[in-house]
>>> print(open('entry-v5.txt').read())   # compact mmCIF, C-alpha atoms and all ligand atoms
# COMPACT_ATOMS: atom_id res chain seq x y z
CA MET A 33 172.63 63.37 143.10
CA THR A 34 170.40 61.36 140.76
CA GLU A 35 167.12 62.91 139.79
CA PRO A 36 163.90 61.29 141.03
CA LEU A 37 162.61 58.74 138.56
CA LYS A 38 160.05 60.18 136.15
CA LEU A 39 158.40 58.57 133.16
CA ASP A 40 157.56 61.28 130.67
CA LEU A 41 156.60 59.17 127.68
CA MET A 42 156.17 62.12 125.33
CA SER A 43 159.50 63.82 126.11
CA PRO A 44 162.12 64.26 123.36
CA GLU A 45 164.64 62.34 125.55
CA MET A 46 162.39 59.29 125.63
CA ARG A 47 161.81 59.53 121.90
CA ASP A 48 165.53 59.75 121.19
CA ASP A 49 166.77 57.16 123.69
CA PRO A 50 164.36 55.55 126.18
CA TYR A 51 166.87 52.91 127.32
CA PRO A 52 168.49 54.76 130.27
CA THR A 53 165.02 55.43 131.71
CA TYR A 54 164.03 51.81 131.18
CA ALA A 55 167.13 50.69 133.09
CA ARG A 56 166.10 52.82 136.05
CA LEU A 57 162.52 51.55 135.89
CA ARG A 58 163.64 47.92 135.95
CA GLN A 59 165.97 48.57 138.83
CA GLU A 60 164.24 51.16 141.01
CA ALA A 61 160.54 50.69 140.30
CA PRO A 62 159.68 47.44 138.52
CA VAL A 63 156.01 48.27 139.18
CA PHE A 64 155.99 51.98 138.42
CA ARG A 65 152.92 54.02 139.23
CA HIS A 66 152.52 56.95 136.90
CA PRO A 67 150.81 60.08 138.28
CA MET A 68 148.29 59.71 135.42
CA GLY A 69 147.11 56.47 137.03
CA PHE A 70 148.60 53.72 134.88
CA VAL A 71 151.22 51.22 135.97
CA ALA A 72 154.36 50.36 133.96
CA VAL A 73 155.96 46.92 134.26
CA SER A 74 159.45 46.67 132.78
CA ARG A 75 161.32 43.50 133.83
CA HIS A 76 161.42 40.62 131.36
CA ALA A 77 159.96 38.07 133.81
CA ASP A 78 157.15 40.45 134.84
CA VAL A 79 156.22 41.41 131.27
CA GLN A 80 156.07 37.72 130.41
CA HIS A 81 153.89 37.10 133.47
CA VAL A 82 151.47 39.88 132.48
CA LEU A 83 151.20 38.60 128.91
CA ARG A 84 150.61 35.00 129.81
CA THR A 85 147.98 35.65 132.48
CA PRO A 86 144.94 37.03 130.63
CA GLU A 87 142.64 36.17 133.54
CA LEU A 88 144.42 38.86 135.61
CA PHE A 89 145.54 41.18 132.78
CA SER A 90 142.86 41.62 130.14
CA SER A 91 143.49 42.64 126.53
CA GLN A 92 140.39 44.84 126.60
CA ALA A 93 142.90 47.63 127.12
CA MET A 94 144.11 47.13 123.51
CA GLY A 95 140.82 48.31 121.99
CA GLY A 96 137.29 49.22 122.78
CA GLY A 97 135.51 45.88 122.92
CA GLU A 98 132.66 45.08 120.55
CA THR A 99 130.70 48.28 120.51
CA ARG A 100 133.07 51.19 119.83
CA THR A 101 132.53 52.85 116.48
CA ASP A 102 133.61 56.19 115.05
CA ARG A 103 131.23 59.06 114.19
CA ASP A 104 130.33 57.44 110.89
CA GLY A 105 129.52 54.12 112.48
CA ASN A 106 132.68 52.36 111.26
CA PRO A 107 134.25 49.98 113.73
CA LEU A 108 137.28 51.53 115.34
CA PRO A 109 140.60 49.69 115.17
CA GLY A 110 140.53 46.95 117.70
CA ALA A 111 136.76 46.94 117.96
CA GLY A 112 135.43 43.44 117.58
CA SER A 113 138.86 42.32 116.53
CA LEU A 114 141.30 39.80 117.74
CA ILE A 115 143.84 41.92 119.56
CA ALA A 116 141.39 43.31 122.14
CA GLN A 117 139.70 40.03 123.06
CA ASP A 118 140.28 37.62 125.92
CA PRO A 119 139.68 33.87 126.00
CA PRO A 120 137.39 32.18 125.12
CA VAL A 121 136.31 34.60 122.34
CA HIS A 122 139.93 35.28 121.43
CA THR A 123 140.80 31.60 121.26
CA GLU A 124 137.96 30.91 118.84
CA GLN A 125 138.65 33.93 116.57
CA ARG A 126 142.35 33.24 116.52
CA ARG A 127 141.76 29.62 115.55
CA ILE A 128 139.93 30.82 112.42
CA ILE A 129 142.18 33.75 111.57
CA SER A 130 145.41 31.79 111.91
CA ARG A 131 144.32 29.72 108.89
CA GLY A 132 145.32 32.76 106.85
CA PHE A 133 148.84 32.78 108.34
CA THR A 134 149.99 29.23 107.77
CA PRO A 135 153.59 28.72 106.64
CA ARG A 136 152.18 27.80 103.21
CA MET A 137 150.29 31.11 102.88
CA ILE A 138 153.38 33.06 103.92
CA ALA A 139 155.69 31.06 101.62
CA ARG A 140 153.39 31.95 98.73
CA LEU A 141 154.14 35.62 99.34
CA GLU A 142 157.89 35.09 99.16
CA ASP A 143 158.27 35.69 95.41
CA LYS A 144 155.97 38.69 95.56
CA ILE A 145 158.04 40.21 98.34
CA GLU A 146 161.22 39.67 96.31
CA ARG A 147 159.68 41.20 93.18
CA LEU A 148 158.18 44.14 95.02
CA THR A 149 161.45 44.89 96.81
CA ALA A 150 163.34 44.82 93.49
CA GLU A 151 160.73 47.12 91.93
CA LEU A 152 160.90 49.62 94.78
CA LEU A 153 164.71 49.68 94.82
CA ASP A 154 164.81 50.00 91.03
CA GLY A 155 162.47 52.96 91.24
CA ALA A 156 164.86 54.65 93.65
CA SER A 157 168.12 53.62 91.97
CA ASP A 158 168.58 56.65 89.71
CA LYS A 159 168.36 59.09 92.60
CA ASP A 160 171.50 60.30 94.44
CA GLU A 161 169.94 59.41 97.72
CA LEU A 162 166.94 57.47 98.84
CA ASP A 163 164.69 57.60 101.86
CA VAL A 164 164.68 54.06 103.22
CA ILE A 165 161.32 54.77 104.86
CA ALA A 166 159.34 56.43 102.05
CA ASP A 167 160.94 54.50 99.17
CA LEU A 168 161.05 51.01 100.67
CA ALA A 169 159.96 50.43 104.26
CA VAL A 170 156.50 52.03 103.95
CA PRO A 171 155.27 50.72 100.57
CA LEU A 172 156.54 47.15 101.03
CA PRO A 173 154.44 46.01 104.03
CA VAL A 174 151.35 47.95 102.96
CA THR A 175 151.39 46.29 99.53
CA VAL A 176 152.05 42.88 101.06
CA ILE A 177 148.97 43.26 103.29
CA ALA A 178 146.90 44.21 100.22
CA GLU A 179 148.20 41.00 98.55
CA LEU A 180 147.45 38.96 101.64
CA LEU A 181 143.87 40.23 101.65
CA GLY A 182 143.62 39.54 97.90
CA LEU A 183 142.81 43.16 96.96
CA ASP A 184 143.12 44.43 93.40
CA PRO A 185 146.81 45.32 92.76
CA ALA A 186 145.65 48.12 90.43
CA ARG A 187 144.29 49.94 93.50
CA ARG A 188 147.70 49.92 95.18
CA ASP A 189 147.96 53.70 95.38
CA ASP A 190 144.46 54.02 96.81
CA PHE A 191 145.25 51.31 99.31
CA LYS A 192 148.37 53.18 100.41
CA ARG A 193 146.30 56.36 100.92
CA TRP A 194 143.69 54.45 102.95
CA ALA A 195 146.38 52.74 104.98
CA ASP A 196 147.92 56.13 105.88
CA THR A 197 144.57 57.23 107.25
CA MET A 198 143.85 54.02 109.12
CA VAL A 199 147.14 54.26 110.96
CA ILE A 200 146.52 57.87 112.08
CA GLY A 201 145.49 58.03 115.68
CA SER A 202 146.47 54.44 116.36
CA THR A 203 149.82 55.43 117.80
CA GLY A 204 150.79 58.25 120.17
CA GLY A 205 151.07 61.85 119.05
CA ARG A 206 149.26 61.77 115.72
CA ARG A 207 147.14 64.53 114.19
CA ARG A 208 143.35 64.41 114.42
CA ARG A 209 141.30 62.97 111.58
CA SER A 210 140.16 65.43 108.87
CA GLU A 211 137.16 65.32 106.55
CA GLN A 212 139.40 63.73 103.89
CA ASP A 213 140.49 61.08 106.40
CA ARG A 214 136.88 60.22 107.06
CA LYS A 215 136.30 59.88 103.32
CA ASN A 216 139.32 57.59 103.07
CA VAL A 217 138.00 55.34 105.85
CA ALA A 218 134.61 55.14 104.13
CA GLU A 219 136.26 54.30 100.77
CA PHE A 220 138.42 51.64 102.36
CA ARG A 221 135.39 50.11 104.04
CA ASP A 222 133.38 50.12 100.77
CA HIS A 223 136.29 48.50 98.96
CA ILE A 224 136.68 45.73 101.53
CA LEU A 225 132.93 45.09 101.70
CA ALA A 226 132.75 44.91 97.86
CA HIS A 227 135.73 42.54 97.87
CA ILE A 228 133.94 40.35 100.44
CA GLU A 229 130.94 40.14 98.07
CA VAL A 230 133.17 39.19 95.12
CA ARG A 231 134.88 36.48 97.18
CA ARG A 232 131.56 35.13 98.39
CA GLN A 233 130.66 34.34 94.76
CA ASP A 234 134.14 33.47 93.62
CA PRO A 235 136.41 32.28 96.44
CA GLY A 236 140.15 32.67 95.97
CA ASP A 237 143.08 31.64 98.12
CA ASP A 238 143.44 34.99 99.90
CA LEU A 239 142.82 35.80 103.54
CA VAL A 240 139.41 37.39 102.93
CA SER A 241 138.24 34.15 101.27
CA VAL A 242 139.51 32.16 104.25
CA LEU A 243 137.67 34.44 106.66
CA ILE A 244 134.32 34.51 104.85
CA HIS A 245 134.48 30.77 104.37
CA ALA A 246 134.80 30.50 108.14
CA GLU A 247 131.84 32.85 108.51
CA GLU A 248 129.67 30.73 106.23
CA GLU A 249 130.76 27.40 107.65
CA GLU A 250 130.80 28.31 111.28
CA GLY A 251 128.97 31.63 111.49
CA ILE A 252 131.76 33.22 113.48
CA LEU A 253 132.92 36.32 111.64
CA SER A 254 130.53 38.91 110.22
CA ALA A 255 131.44 41.16 107.23
CA ASP A 256 132.01 43.99 109.72
CA GLN A 257 134.38 41.84 111.68
CA VAL A 258 136.29 41.00 108.52
CA PHE A 259 136.56 44.75 107.86
CA ALA A 260 137.68 45.37 111.45
CA PHE A 261 140.27 42.66 110.98
CA ALA A 262 141.58 44.17 107.71
CA THR A 263 141.98 47.44 109.62
CA LEU A 264 143.80 45.68 112.44
CA LEU A 265 146.21 44.13 109.92
CA LEU A 266 147.11 47.55 108.57
CA ILE A 267 147.72 48.93 112.02
CA ALA A 268 149.45 45.86 113.42
CA GLY A 269 151.40 44.85 110.34
CA ALA A 270 152.36 47.88 108.29
CA GLU A 271 153.98 50.51 110.46
CA THR A 272 155.57 47.92 112.72
CA THR A 273 157.42 46.32 109.81
CA THR A 274 158.37 49.77 108.48
CA ASN A 275 159.95 50.51 111.86
CA LEU A 276 161.79 47.22 111.98
CA ILE A 277 163.45 47.92 108.61
CA GLY A 278 164.29 51.50 109.65
CA ASN A 279 165.66 50.40 113.03
CA ALA A 280 167.85 47.78 111.37
CA VAL A 281 169.41 50.36 109.03
CA LEU A 282 170.10 52.61 112.04
CA ALA A 283 171.48 49.64 114.01
CA ALA A 284 173.86 48.87 111.12
CA ASP A 285 175.05 52.46 111.20
CA LYS A 286 175.69 52.35 114.96
CA ASN A 287 177.25 48.87 115.04
CA PRO A 288 179.78 48.75 112.20
CA GLU A 289 181.30 45.43 113.31
CA ALA A 290 178.02 43.58 113.17
CA PHE A 291 177.27 45.25 109.85
CA ALA A 292 180.65 44.23 108.42
CA GLU A 293 179.83 40.63 109.36
CA VAL A 294 176.53 40.82 107.49
CA ARG A 295 178.25 42.24 104.43
CA ARG A 296 180.73 39.35 104.50
CA ASP A 297 177.93 36.84 104.89
CA PRO A 298 174.46 38.02 103.74
CA ALA A 299 172.90 34.85 105.22
CA ARG A 300 173.36 36.60 108.57
CA VAL A 301 170.79 39.28 107.75
CA ARG A 302 168.29 37.01 109.53
CA ASP A 303 170.30 37.20 112.76
CA PHE A 304 170.68 40.93 112.28
CA VAL A 305 166.90 41.31 112.03
CA GLU A 306 166.38 39.20 115.16
CA GLU A 307 168.90 41.17 117.20
CA THR A 308 167.33 44.43 115.97
CA LEU A 309 163.95 43.21 117.22
CA ARG A 310 165.47 42.73 120.67
CA TRP A 311 167.81 45.73 120.77
CA ASP A 312 165.47 48.38 119.38
CA SER A 313 161.95 46.98 119.38
CA PRO A 314 159.48 48.45 116.86
CA VAL A 315 156.60 48.08 119.38
CA GLN A 316 157.74 49.40 122.73
CA LEU A 317 154.77 48.43 124.85
CA VAL A 318 151.37 46.77 124.91
CA ASN A 319 148.49 47.53 127.26
CA ARG A 320 146.47 45.36 129.57
CA MET A 321 143.84 46.03 132.25
CA ALA A 322 143.96 44.43 135.71
CA THR A 323 140.78 42.40 136.21
CA GLU A 324 141.19 42.26 140.01
CA ASP A 325 143.64 43.59 142.61
CA VAL A 326 147.00 42.00 141.76
CA GLU A 327 150.12 41.87 143.98
CA LEU A 328 153.49 42.27 142.29
CA HIS A 329 156.81 43.05 144.05
CA GLY A 330 154.85 44.03 147.17
CA GLU A 331 152.74 46.57 145.26
CA THR A 332 149.02 46.25 144.68
CA ILE A 333 147.86 46.90 141.15
CA ALA A 334 144.23 47.88 141.67
CA ALA A 335 141.45 46.23 139.65
CA GLY A 336 140.71 48.33 136.57
CA SER A 337 144.23 49.83 136.34
CA PHE A 338 145.88 50.19 132.97
CA VAL A 339 149.08 48.16 132.89
CA MET A 340 151.75 48.95 130.33
CA ALA A 341 153.89 45.91 129.57
CA MET A 342 157.14 47.55 128.43
CA LEU A 343 158.47 45.21 125.73
CA GLY A 344 161.35 47.53 124.82
CA ALA A 345 162.52 47.58 128.45
CA ALA A 346 162.10 43.82 128.94
CA ASN A 347 164.29 43.19 125.89
CA ARG A 348 167.19 45.02 127.56
CA ASP A 349 166.85 43.28 130.92
CA PRO A 350 170.31 42.13 132.11
CA ASP A 351 168.65 39.30 134.07
CA ARG A 352 167.61 37.81 130.73
CA PHE A 353 170.28 38.99 128.26
CA ASP A 354 173.99 39.31 129.05
CA GLU A 355 175.28 42.81 128.32
CA PRO A 356 171.85 43.79 127.03
CA ASN A 357 172.96 47.13 125.57
CA ARG A 358 175.45 45.45 123.27
CA PHE A 359 174.23 44.65 119.75
CA ASP A 360 175.47 41.11 119.41
CA LEU A 361 174.88 39.14 116.24
CA ASP A 362 175.99 35.90 117.90
CA ARG A 363 173.70 35.94 120.88
CA ASP A 364 170.54 33.85 121.09
CA SER A 365 167.98 36.65 121.03
CA SER A 366 165.01 34.32 120.64
CA ALA A 367 163.67 35.10 124.13
CA HIS A 368 162.92 38.68 123.09
CA LEU A 369 159.35 39.88 123.51
CA ALA A 370 159.21 42.17 120.46
CA PHE A 371 156.33 40.13 119.02
CA GLY A 372 154.62 39.78 122.40
CA PHE A 373 154.18 36.52 124.28
CA GLY A 374 151.42 34.00 124.99
CA ALA A 375 147.97 33.91 123.45
CA HIS A 376 148.33 37.16 121.48
CA TYR A 377 151.81 36.42 120.13
CA CYS A 378 152.06 38.28 116.81
CA LEU A 379 150.34 36.38 114.00
CA GLY A 380 152.45 38.17 111.41
CA ALA A 381 155.85 37.46 113.00
CA SER A 382 157.16 35.19 110.25
CA LEU A 383 155.80 37.49 107.57
CA ALA A 384 157.50 40.49 109.18
CA ARG A 385 160.79 38.59 109.45
CA LEU A 386 160.56 37.58 105.79
CA GLU A 387 159.80 41.12 104.61
CA ALA A 388 162.55 42.71 106.68
CA THR A 389 165.14 40.09 105.72
CA THR A 390 164.32 40.43 102.02
CA ALA A 391 164.24 44.23 102.07
CA LEU A 392 167.53 44.55 103.96
CA THR A 393 169.35 41.87 101.97
CA ARG A 394 168.52 43.61 98.70
CA LEU A 395 169.10 47.12 100.03
CA TRP A 396 172.57 46.25 101.38
CA GLU A 397 173.40 44.29 98.25
CA GLN A 398 172.50 47.25 96.05
CA LEU A 399 174.04 49.90 98.30
CA PRO A 400 176.83 48.14 100.23
CA ASP A 401 178.45 51.44 101.26
CA LEU A 402 175.35 53.38 102.08
CA SER A 403 175.70 56.19 104.57
CA VAL A 404 172.93 57.61 106.72
CA ILE A 405 172.37 61.37 106.37
CA HIS A 406 172.05 61.92 110.10
CA GLU A 407 171.00 65.58 110.03
CA ARG A 408 167.84 64.65 108.20
CA VAL A 409 166.78 61.60 110.19
CA GLU A 410 163.54 62.20 112.08
CA ARG A 411 161.96 59.90 114.63
CA GLN A 412 158.33 58.86 114.93
CA PRO A 413 156.55 61.15 117.40
CA SER A 414 155.34 58.16 119.39
CA PHE A 415 156.20 56.21 122.52
CA LEU A 416 154.25 53.13 121.43
CA VAL A 417 156.11 52.45 118.24
CA ARG A 418 159.77 53.21 117.77
CA GLY A 419 161.51 53.93 114.51
CA PRO A 420 162.61 56.64 112.09
CA ARG A 421 159.95 58.59 110.22
CA THR A 422 162.47 59.67 107.59
CA LEU A 423 165.76 57.93 106.90
CA PRO A 424 167.66 59.43 103.96
CA VAL A 425 170.78 57.56 102.86
CA ARG A 426 173.44 58.15 100.21
CA ALA A 427 174.88 55.41 98.06
CA ALA A 428 178.39 56.00 99.37
C1 LIG A 501 158.14 43.91 113.01
C2 LIG A 501 156.86 43.83 112.80
C3 LIG A 501 155.84 43.51 113.87
C4 LIG A 501 155.91 43.67 115.23
C5 LIG A 501 157.08 44.20 116.06
C6 LIG A 501 154.64 43.21 115.77
C7 LIG A 501 154.33 43.18 117.12
C8 LIG A 501 153.19 42.63 117.64
C9 LIG A 501 152.92 42.50 119.05
C10 LIG A 501 153.82 42.98 120.19
C11 LIG A 501 151.71 41.87 119.19
C12 LIG A 501 151.03 41.46 120.50
C13 LIG A 501 150.01 42.44 120.96
C14 LIG A 501 149.47 42.10 122.33
O1 LIG A 501 149.94 41.20 123.02
O2 LIG A 501 148.54 42.81 122.78
C15 LIG A 501 151.20 41.63 117.85
C16 LIG A 501 150.00 41.04 117.56
C17 LIG A 501 149.51 40.93 116.28
N1 LIG A 501 150.17 41.16 115.10
FE1 LIG A 501 152.06 41.86 114.91
N2 LIG A 501 153.85 42.79 114.74
C18 LIG A 501 154.54 42.95 113.56
C19 LIG A 501 154.11 42.62 112.28
C20 LIG A 501 152.89 42.09 111.97
C21 LIG A 501 152.43 41.75 110.64
C22 LIG A 501 153.27 41.88 109.37
C23 LIG A 501 151.15 41.33 110.76
C24 LIG A 501 150.19 40.86 109.69
C25 LIG A 501 150.20 41.23 108.44
C26 LIG A 501 150.81 41.37 112.17
C27 LIG A 501 149.59 40.99 112.70
C28 LIG A 501 149.32 40.89 114.05
C29 LIG A 501 148.05 40.44 114.57
C30 LIG A 501 146.83 40.02 113.76
C31 LIG A 501 148.15 40.47 115.97
C32 LIG A 501 147.09 40.10 116.99
C33 LIG A 501 147.24 38.68 117.44
C34 LIG A 501 146.26 38.32 118.54
O3 LIG A 501 145.69 39.21 119.16
O4 LIG A 501 146.06 37.11 118.76
N3 LIG A 501 151.88 41.84 112.88
N4 LIG A 501 152.14 42.09 116.92
>>> encode(input="entry-v5.txt", output="structure tokens")
Amino acid sequence: MTEPLKLDLMSPEMRDDPYPTYARLRQEAPVFRHPMGFVAVSRHADVQHVLRTPELFSSQAMGGGETRTDRDGNPLPGAGSLIAQDPPVHTEQRRIISRGFTPRMIARLEDKIERLTAELLDGASDKDELDVIADLAVPLPVTVIAELLGLDPARRDDFKRWADTMVIGSTGGRRRRSEQDRKNVAEFRDHILAHIEVRRQDPGDDLVSVLIHAEEEEGILSADQVFAFATLLLIAGAETTTNLIGNAVLAADKNPEAFAEVRRDPARVRDFVEETLRWDSPVQLVNRMATEDVELHGETIAAGSFVMAMLGAANRDPDRFDEPNRFDLDRDSSAHLAFGFGAHYCLGASLARLEATTALTRLWEQLPDLSVIHERVERQPSFLVRGPRTLPVRAA
């Protein structure tokens, strides 16, 4: 007899392999009511519906609105920032912020990403083994975000330390903030605010300059909002990309045929990255809040309910992808929802693709016969983001 369907997000089984549970959710309870009160929506069509209907499913659930601050008065991640807003405020902020993510701005980072990747791999090349996460997948996106913001490259190590702190607590199952963490947040804030002042006098071509220019011209973003946005970038853009790189290395290990194809033709790393996004999504779910009573599959989702849109489950929906559990380099995976859908579609999607493609191309070029040291792989203790926390590999 099959067990009754449960959704224990924190269980080790879900952390190791959530996909069998997702299959049951899609099939048996597409609108699943959790005893804790939230609702989980798992079919591709329903997740898409939730994400493209902000008037029924508000993004307020992604943050705390304008007023939430921590004990020291710093805006909390999400507060006053893009990801937790609904139209029309969101539409206006996004119009400004997307000026920092034009194809031209991203293309300008291309050489830096190449150089940084080479530097990181060089640094690890004289070791017998390397940890793909600590040596490559963590420092790369964090440093790229510092570049994007135009911060002083000499403060790279400080930035990394601040970034570690900012990410704590943003995903499930993290430790509580310590006194040192609070100091790090304050330092990060001072650094960003000082950088804003410098750029006010001497504009550059970085994202902070774009944002304060918008503030001066159109009075839309305050310095605090720029700081909140820098924080959002770290949370939205660093760990997610780390997980994508880690998940791709694990996918290569589990799918030797697809990996052999990539080794024959490195131009296919792009397709490998795209199929990894679908097959093992770095962000497993996003939250929304029902603004009124909503009917779905004969169930009423009550106004005020938290709704989890399960991206990881939607990306394995057999109604959308043939043989969804198969890692298939040749499929068209472009309908995946790993970067969300609709108004909040990930602003950093092309940057993340570029970083992951560069990192993996160079890693696999340098270590074509790498083998994963399985006994020492650990997973992130989180149900929101999915990926390895440590991923040691040997050269052969
Ligand atoms: C593999 C890497 C990444 C994944 C899987 C990912 C995933 C997502 C998802 C699912 C959303 C939608 C959230 C929602 O609908 O509530 C989102 C939004 C966002 N992402 Fe990403 N992201 C990644 C990398 C990045 C990078 C590198 C950046 C920037 C440096 C970035 C910046 C953002 C921003 C600013 C938003 C908010 C957009 C809005 O609210 O309009 N992301 N991301």
>>> residues_near_ligand(input="entry-v5.txt", ligand="ligand LIG 501 (chain A)", cutoff="7 Å", atoms="only C-alpha atoms and all ligand atoms", output="PyMOL selection string")
chain A and resi 83+91+94+114-116+122+126+173+177+264-265+268-270+272-273+275-276+313-315+318-319+370-373+375-381+383-385
>>> residues_around(input="entry-v5.txt", residues="Phe259 (chain A)", least_positions_apart="6", cutoff="8 Å", atoms="all atoms listed in the file", output="JSON, numbers by chain")
{"A": [221, 224, 225]}
>>> write_last_selection(input="entry-v5.txt", atoms="C-alpha atoms", output="short mmCIF file (atom, residue, chain, number, x, y, z; two decimals), keeping the file's coordinate frame")
data_model
loop_
_atom_site.label_atom_id
_atom_site.label_comp_id
_atom_site.auth_asym_id
_atom_site.auth_seq_id
_atom_site.Cartn_x
_atom_site.Cartn_y
_atom_site.Cartn_z
CA ARG A 221 135.39 50.11 104.04
CA ILE A 224 136.68 45.73 101.53
CA LEU A 225 132.93 45.09 101.70
#
>>> residues_near_point(input="entry-v5.txt", point="(162.2, 41.4, 97.3)", cutoff="12 Å", atoms="all atoms listed in the file", output="ChimeraX atom specification")
/A:141-154,168-169,172-173,176,386-395,397-398
>>> closest_residue(input="entry-v5.txt", among="A:Ala255, A:Ile277, A:Leu39, A:Val217", to="Pro420 (chain A)", atoms="only C-alpha atoms")
A:Ile277
>>> closest_residue(input="entry-v5.txt", among="A:Pro36, A:Pro185, A:Pro350, A:Pro413", to="Ala55 (chain A)", atoms="all atoms listed in the file")
A:Pro350
>>> closest_residue(input="entry-v5.txt", among="A:Thr197, A:Ser113, A:Gln316, A:Thr422", to="Glu219 (chain A)", atoms="all atoms listed in the file")
A:Thr197
>>> axis_aligned_box(input="entry-v5.txt", around="region 301-320 of chain A", padding_each_side="8 Å", output="JSON")
{"center_x": 158.6, "center_y": 43.2, "center_z": 118.7, "size_x": 40.3, "size_y": 28.4, "size_z": 37.8}
>>> atom_distance(input="entry-v5.txt", atom1="CA of Asp237 (chain A)", atom2="CA of Val258 (chain A)")
15.6 Å
>>> atom_distance(input="entry-v5.txt", atom1="CA of Leu239 (chain A)", atom2="CA of Glu179 (chain A)")
9.0 Å
>>> atom_distance(input="entry-v5.txt", atom1="CA of Arg84 (chain A)", atom2="CA of Phe304 (chain A)")
27.3 Å
>>> closest_residue(input="entry-v5.txt", among="A:Asp213, A:Asp349, A:Glu271, A:Glu229", to="Ser414 (chain A)", atoms="all atoms listed in the file")
A:Glu271
>>> closest_residue(input="entry-v5.txt", among="A:Pro62, A:Gly69, A:Pro119, A:Gly95", to="Ala341 (chain A)", atoms="all atoms listed in the file")
A:Pro62
>>> residues_around(input="entry-v5.txt", residues="Glu87 (chain A)", least_positions_apart="3", cutoff="12 Å", atoms="all atoms listed in the file", output="PDB file with C-alpha atoms, in the coordinates of the input")
ATOM      1  CA  HIS A  81     153.890  37.100 133.470  1.00  0.00           C
ATOM      2  CA  VAL A  82     151.470  39.880 132.480  1.00  0.00           C
ATOM      3  CA  LEU A  83     151.200  38.600 128.910  1.00  0.00           C
ATOM      4  CA  ARG A  84     150.610  35.000 129.810  1.00  0.00           C
ATOM      5  CA  SER A  90     142.860  41.620 130.140  1.00  0.00           C
ATOM      6  CA  SER A  91     143.490  42.640 126.530  1.00  0.00           C
ATOM      7  CA  GLN A  92     140.390  44.840 126.600  1.00  0.00           C
ATOM      8  CA  GLN A 117     139.700  40.030 123.060  1.00  0.00           C
ATOM      9  CA  ASP A 118     140.280  37.620 125.920  1.00  0.00           C
ATOM     10  CA  PRO A 119     139.680  33.870 126.000  1.00  0.00           C
ATOM     11  CA  PRO A 120     137.390  32.180 125.120  1.00  0.00           C
ATOM     12  CA  ARG A 320     146.470  45.360 129.570  1.00  0.00           C
ATOM     13  CA  MET A 321     143.840  46.030 132.250  1.00  0.00           C
ATOM     14  CA  ALA A 322     143.960  44.430 135.710  1.00  0.00           C
ATOM     15  CA  THR A 323     140.780  42.400 136.210  1.00  0.00           C
ATOM     16  CA  GLU A 324     141.190  42.260 140.010  1.00  0.00           C
ATOM     17  CA  ASP A 325     143.640  43.590 142.610  1.00  0.00           C
ATOM     18  CA  VAL A 326     147.000  42.000 141.760  1.00  0.00           C
ATOM     19  CA  ALA A 335     141.450  46.230 139.650  1.00  0.00           C
ATOM     20  CA  ALA A 375     147.970  33.910 123.450  1.00  0.00           C
TER      21      ALA A 375
END
>>> build_atoms(input="entry-v5.txt", residues="region 231-241 of chain A", atoms="N, CA and C atoms", output="mmCIF file, in the frame of the given file")
data_model
loop_
_atom_site.group_PDB
_atom_site.id
_atom_site.type_symbol
_atom_site.label_atom_id
_atom_site.label_comp_id
_atom_site.auth_asym_id
_atom_site.auth_seq_id
_atom_site.Cartn_x
_atom_site.Cartn_y
_atom_site.Cartn_z
ATOM 1 N N ARG A 231 134.308 37.757 96.705
ATOM 2 C CA ARG A 231 134.880 36.480 97.180
ATOM 3 C C ARG A 231 133.815 35.489 97.636
ATOM 4 N N ARG A 232 132.664 36.024 98.036
ATOM 5 C CA ARG A 232 131.560 35.130 98.390
ATOM 6 C C ARG A 232 131.134 34.313 97.166
ATOM 7 N N GLN A 233 131.068 35.021 96.004
ATOM 8 C CA GLN A 233 130.660 34.340 94.760
ATOM 9 C C GLN A 233 131.805 33.511 94.194
ATOM 10 N N ASP A 234 133.008 34.049 94.344
ATOM 11 C CA ASP A 234 134.140 33.470 93.620
ATOM 12 C C ASP A 234 135.341 33.369 94.564
ATOM 13 N N PRO A 235 135.349 32.349 95.427
ATOM 14 C CA PRO A 235 136.410 32.280 96.440
ATOM 15 C C PRO A 235 137.802 32.139 95.815
ATOM 16 N N GLY A 236 138.759 32.792 96.413
ATOM 17 C CA GLY A 236 140.150 32.670 95.970
ATOM 18 C C GLY A 236 140.960 32.029 97.076
ATOM 19 N N ASP A 237 142.288 32.242 97.048
ATOM 20 C CA ASP A 237 143.080 31.640 98.120
ATOM 21 C C ASP A 237 143.646 32.721 99.036
ATOM 22 N N ASP A 238 142.963 33.890 99.045
ATOM 23 C CA ASP A 238 143.440 34.990 99.900
ATOM 24 C C ASP A 238 142.802 34.918 101.285
ATOM 25 N N LEU A 239 143.279 35.806 102.155
ATOM 26 C CA LEU A 239 142.820 35.800 103.540
ATOM 27 C C LEU A 239 141.334 36.111 103.668
ATOM 28 N N VAL A 240 140.837 37.052 102.855
ATOM 29 C CA VAL A 240 139.410 37.390 102.930
ATOM 30 C C VAL A 240 138.568 36.155 102.604
ATOM 31 N N SER A 241 138.992 35.374 101.604
ATOM 32 C CA SER A 241 138.240 34.150 101.270
ATOM 33 C C SER A 241 138.255 33.181 102.450
#
